[in-house]
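Asks: Attaching a single structure in structure tokens format; questions to follow.
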Amino acid sequence: MSKAWFVLVSTLLVLAACQKPPAEPAEELPTTASAAAAEGSGAIISTPTAIAPPMDEDVLSGTKWPPATLTSGKASISCSTDYVEVGDGQSLVDLGFLSVLDAMTPCREAGVVRLRYEGKVAADFADLVERVTAMAERMAIDKRILDIDSAGGQVEDAIRAGDTIANTHWTIWVREGGMCHSACVFILAAGDNRLVSGPVGIHRIIRLYSKATTRAELEQELRAVHDRIKGYFARNGADVAVADMMMTVPSSSLRLLTDEELRAYGLSGSNPVQDDLERIRLARKCGEPFVHRREAFLREFELKCAANEDGSSQDVEGMGDCGMELRKRYDFPDDKCPAESPLSEYD
């Protein structure tokens with residue numbers, strides 16, 4: 001079986017290849033790192049109200065695609081989950097309709113699109129997410145993966161992209177060798193499923209164009225932003241404590257979240273809000289026994305396939321073999337609902 005990354009409909013993390021030798025005891029990672037300034041990114045608020053602009057309905061409906069170019073990072077489109085063997089696919093710079101259409105046409109038959117992005121979270125990144133989403137809707141490509149490696153960027157643009165992701169069923173990957181820092185955490189929170197192998201970090205939001213001259217005035221401005229951020233995390237099933245924590249870490253530093261914190265704060269694995277919606281939908285379509293069996297599988301998968309014995313996250317290799325073997329015990333794929341069965345990507 002290929003050692004590919006794949007979309008996992010309601011799971012946490014990933015499994016290491018069994019042939020790997022036991023890891024040497026590692027030094028404990030610091031909970032903060034002076035990285036934000038060096039990376040040239042961060043969680044930045046650039047507008048007075050920090051209200052994310054609305055999604056471009058014309059773009060999402062496919063009726064109007066104004067010219068746009070990606071300059072804040074590198075993006076590519078792949079129609080495979082296997083980045084080891086296949087790579088990251090076709091580069092995408094021009095975000096015009098025909099360019100996105102050409103890049104995604106092979107994905108129609110494959111039934112999966114993986115958008116790889118390396119760079120800052122900015123307005124053109126939000127454009128990218130909107131346009132790839134619109135084309136996936138147009139082509140009825142249901143399996144969508146955002147494979148992201150970002151040190152952060154603009155909060156408004158992260159929320160704009162996150163709202164698109166939250167409404168259109170994306171899985172978010174932070175694969176080994178990558179990162180998701182600062183404003184990128186808003187993207188992570190929005191996914192239906194989050195598979196995290198790289199580090200995730202947060203820090204205080206940087207306020208641009210502020211009129212504050214005292215700490216009290218600056219705190220008042222940030223408190224208004226903070227309340228909106230708490231609302232964003234709440235509607236996406238993430239713990240609002242993440243927003244509180246952001247207020248305490250200096251913007252010049254970075255607090256790395258542990259695997260336990262990612263799970264506890266709702267930033268890895270399946271999205272609890274989406275789980276509730278899926279549970280209702282699946283009960284209608286596939287029946288309650290299917291839902292109970294699926295949930296039992298996911299609990300055992302998390303226990304046996306998604307974590308090391310010490311509770312740390314696994315890398316992706318071997319996870320597929322473990323999960324595919326496990327699902328036989330739960331009679332998946334289901335005859336009535338094969339597409340909704342766990343690991344349906346392999347079917």
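Starting from 1 in every chain, residues are counted up; chains themselves are A, B, ... following the order of the structure tokens, and ligands are numbered from 1 as listed.
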Going by DSSP on the backbone, which bits of segment 91-289 of chain A are strand (DSSP E)? Write them as JSON, numbers by chain, please.
Replies: {"A": [91, 112, 113, 114, 115, 116, 117, 118, 119, 143, 144, 145, 146, 147, 148, 149, 153, 154, 171, 172, 173, 174, 180, 181, 193, 194, 195, 196, 200, 201, 202, 206, 207, 254, 255, 256, 269, 270]}
Asks: Taking N, CA and C atoms for each residue, export the selection above as an mmCIF file, in the first residue's frame.
Replies:
```cif
data_model
loop_
_atom_site.group_PDB
_atom_site.id
_atom_site.type_symbol
_atom_site.label_atom_id
_atom_site.label_comp_id
_atom_site.auth_asym_id
_atom_site.auth_seq_id
_atom_site.Cartn_x
_atom_site.Cartn_y
_atom_site.Cartn_z
ATOM 1 N N SER A 91 2.284 23.903 -10.392
ATOM 2 C CA SER A 91 2.380 25.228 -9.783
ATOM 3 C C SER A 91 1.215 26.106 -10.228
ATOM 4 N N VAL A 112 -10.269 14.073 -5.856
ATOM 5 C CA VAL A 112 -9.587 14.699 -4.726
ATOM 6 C C VAL A 112 -8.691 15.810 -5.248
ATOM 7 N N VAL A 113 -8.637 16.923 -4.516
ATOM 8 C CA VAL A 113 -7.708 17.997 -4.838
ATOM 9 C C VAL A 113 -6.917 18.321 -3.582
ATOM 10 N N ARG A 114 -5.604 18.425 -3.746
ATOM 11 C CA ARG A 114 -4.729 18.822 -2.643
ATOM 12 C C ARG A 114 -4.063 20.133 -3.030
ATOM 13 N N LEU A 115 -4.387 21.177 -2.294
ATOM 14 C CA LEU A 115 -3.797 22.493 -2.503
ATOM 15 C C LEU A 115 -2.626 22.648 -1.551
ATOM 16 N N ARG A 116 -1.430 22.689 -2.093
ATOM 17 C CA ARG A 116 -0.223 22.896 -1.300
ATOM 18 C C ARG A 116 0.098 24.379 -1.289
ATOM 19 N N TYR A 117 0.284 24.952 -0.090
ATOM 20 C CA TYR A 117 0.617 26.373 0.010
ATOM 21 C C TYR A 117 1.746 26.563 1.004
ATOM 22 N N GLU A 118 2.764 27.301 0.574
ATOM 23 C CA GLU A 118 3.902 27.655 1.423
ATOM 24 C C GLU A 118 4.066 29.163 1.359
ATOM 25 N N GLY A 119 3.805 29.843 2.469
ATOM 26 C CA GLY A 119 3.960 31.291 2.443
ATOM 27 C C GLY A 119 3.109 31.985 3.481
ATOM 28 N N LYS A 143 -13.464 15.735 -2.021
ATOM 29 C CA LYS A 143 -12.345 15.557 -1.093
ATOM 30 C C LYS A 143 -11.323 16.662 -1.351
ATOM 31 N N ARG A 144 -11.154 17.526 -0.348
ATOM 32 C CA ARG A 144 -10.333 18.730 -0.507
ATOM 33 C C ARG A 144 -9.344 18.822 0.653
ATOM 34 N N ILE A 145 -8.084 18.988 0.327
ATOM 35 C CA ILE A 145 -7.028 19.066 1.340
ATOM 36 C C ILE A 145 -6.251 20.360 1.144
ATOM 37 N N LEU A 146 -6.086 21.124 2.208
ATOM 38 C CA LEU A 146 -5.170 22.253 2.210
ATOM 39 C C LEU A 146 -3.920 21.817 2.962
ATOM 40 N N ASP A 147 -2.841 21.694 2.224
ATOM 41 C CA ASP A 147 -1.554 21.218 2.726
ATOM 42 C C ASP A 147 -0.706 22.465 2.964
ATOM 43 N N ILE A 148 -0.699 22.994 4.199
ATOM 44 C CA ILE A 148 -0.193 24.345 4.450
ATOM 45 C C ILE A 148 1.093 24.355 5.264
ATOM 46 N N ASP A 149 1.946 25.315 4.933
ATOM 47 C CA ASP A 149 3.196 25.566 5.650
ATOM 48 C C ASP A 149 3.339 27.079 5.736
ATOM 49 N N GLY A 153 0.519 35.744 9.192
ATOM 50 C CA GLY A 153 0.212 36.865 8.311
ATOM 51 C C GLY A 153 -0.940 37.684 8.854
ATOM 52 N N GLN A 154 -1.845 38.098 7.960
ATOM 53 C CA GLN A 154 -2.941 38.987 8.308
ATOM 54 C C GLN A 154 -4.117 38.216 8.915
ATOM 55 N N THR A 171 -10.033 19.383 4.606
ATOM 56 C CA THR A 171 -9.110 18.817 5.587
ATOM 57 C C THR A 171 -7.825 19.646 5.542
ATOM 58 N N ILE A 172 -7.279 19.959 6.709
ATOM 59 C CA ILE A 172 -6.045 20.750 6.802
ATOM 60 C C ILE A 172 -4.900 19.845 7.225
ATOM 61 N N TRP A 173 -3.798 19.919 6.474
ATOM 62 C CA TRP A 173 -2.571 19.201 6.842
ATOM 63 C C TRP A 173 -1.505 20.197 7.262
ATOM 64 N N VAL A 174 -0.808 19.903 8.341
ATOM 65 C CA VAL A 174 0.478 20.540 8.648
ATOM 66 C C VAL A 174 1.458 19.387 8.719
ATOM 67 N N CYS A 180 2.680 25.771 11.293
ATOM 68 C CA CYS A 180 1.462 26.591 11.248
ATOM 69 C C CYS A 180 1.519 27.516 12.454
ATOM 70 N N HIS A 181 1.997 28.725 12.217
ATOM 71 C CA HIS A 181 2.220 29.668 13.302
ATOM 72 C C HIS A 181 1.290 30.867 13.175
ATOM 73 N N ASN A 193 -11.279 18.399 9.302
ATOM 74 C CA ASN A 193 -10.305 17.500 9.919
ATOM 75 C C ASN A 193 -8.949 18.167 9.867
ATOM 76 N N ARG A 194 -8.145 17.952 10.919
ATOM 77 C CA ARG A 194 -6.817 18.580 10.992
ATOM 78 C C ARG A 194 -5.778 17.511 11.317
ATOM 79 N N LEU A 195 -4.862 17.257 10.395
ATOM 80 C CA LEU A 195 -3.784 16.295 10.606
ATOM 81 C C LEU A 195 -2.496 17.083 10.813
ATOM 82 N N VAL A 196 -1.957 17.012 12.005
ATOM 83 C CA VAL A 196 -0.862 17.895 12.400
ATOM 84 C C VAL A 196 0.385 17.098 12.752
ATOM 85 N N VAL A 200 2.842 23.917 15.776
ATOM 86 C CA VAL A 200 1.792 24.939 15.749
ATOM 87 C C VAL A 200 2.090 25.920 16.875
ATOM 88 N N GLY A 201 2.141 27.214 16.554
ATOM 89 C CA GLY A 201 2.501 28.215 17.558
ATOM 90 C C GLY A 201 1.624 29.445 17.494
ATOM 91 N N ILE A 202 1.470 30.114 18.638
ATOM 92 C CA ILE A 202 0.644 31.318 18.727
ATOM 93 C C ILE A 202 1.406 32.420 19.449
ATOM 94 N N ILE A 206 -0.377 41.640 16.518
ATOM 95 C CA ILE A 206 0.277 42.920 16.294
ATOM 96 C C ILE A 206 -0.763 43.884 15.716
ATOM 97 N N ARG A 207 -0.928 45.029 16.350
ATOM 98 C CA ARG A 207 -1.942 45.990 15.938
ATOM 99 C C ARG A 207 -1.295 47.100 15.111
ATOM 100 N N LEU A 254 6.991 33.233 20.391
ATOM 101 C CA LEU A 254 6.052 32.245 19.875
ATOM 102 C C LEU A 254 5.879 31.162 20.919
ATOM 103 N N ARG A 255 4.633 30.830 21.249
ATOM 104 C CA ARG A 255 4.365 29.726 22.167
ATOM 105 C C ARG A 255 3.948 28.519 21.348
ATOM 106 N N LEU A 256 4.759 27.462 21.416
ATOM 107 C CA LEU A 256 4.452 26.239 20.691
ATOM 108 C C LEU A 256 3.465 25.406 21.488
ATOM 109 N N GLY A 269 -7.250 16.808 14.756
ATOM 110 C CA GLY A 269 -8.281 15.793 14.599
ATOM 111 C C GLY A 269 -9.546 16.363 13.994
ATOM 112 N N SER A 270 -10.657 15.699 14.234
ATOM 113 C CA SER A 270 -11.912 16.115 13.634
ATOM 114 C C SER A 270 -12.479 17.327 14.360
#
```
Asks: Please provide the set of residues having any atom within 9 Å of Ala126 of chain A, restricted to only C-alpha atoms, with same-chain residues fewer than 2 positions apart removed, written as a PyMOL selection string.
Replies: chain A and resi 55+121-124+128-131+157-162+164
Asks: With only C-alpha atoms as the counted atoms, please give the residues lying no more than 7 Å from Val93 of chain A, apart from itself and same-chain residues fewer than 2 positions off, as a PyMOL selection string.
Replies: chain A and resi 69-70+75+91+95
Asks: Tell me, as number ranges by chain, which residues lie within 7 Å of Ser251 of chain A, counting only C-alpha atoms; anything in the same chain fewer than 5 positions away does not count.
Replies: A: 203-206
Asks: Applying 12 Å and only C-alpha atoms, which residues near Cys286 of chain A remain after dropping the ones on its own chain fewer than 3 positions away? List them as a count of residues only.
Replies: 20
Asks: Near Pro67 of chain A, within 10 Å and counting only C-alpha atoms, which residues show up once chain neighbours fewer than 2 positions away are dropped, as a list in words?
Replies: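 Using only C-alpha atoms, the neighbours found are Lys64, Trp65, Thr69, Asp94, Leu95, Gly96 and Phe97 of chain A.
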Asks: Using only C-alpha atoms for the distances, tell me which of A:Cys79, A:Pro342, A:Gly191, A:Asn167 is nearest to Lys328 of chain A.
Replies: A:Pro342
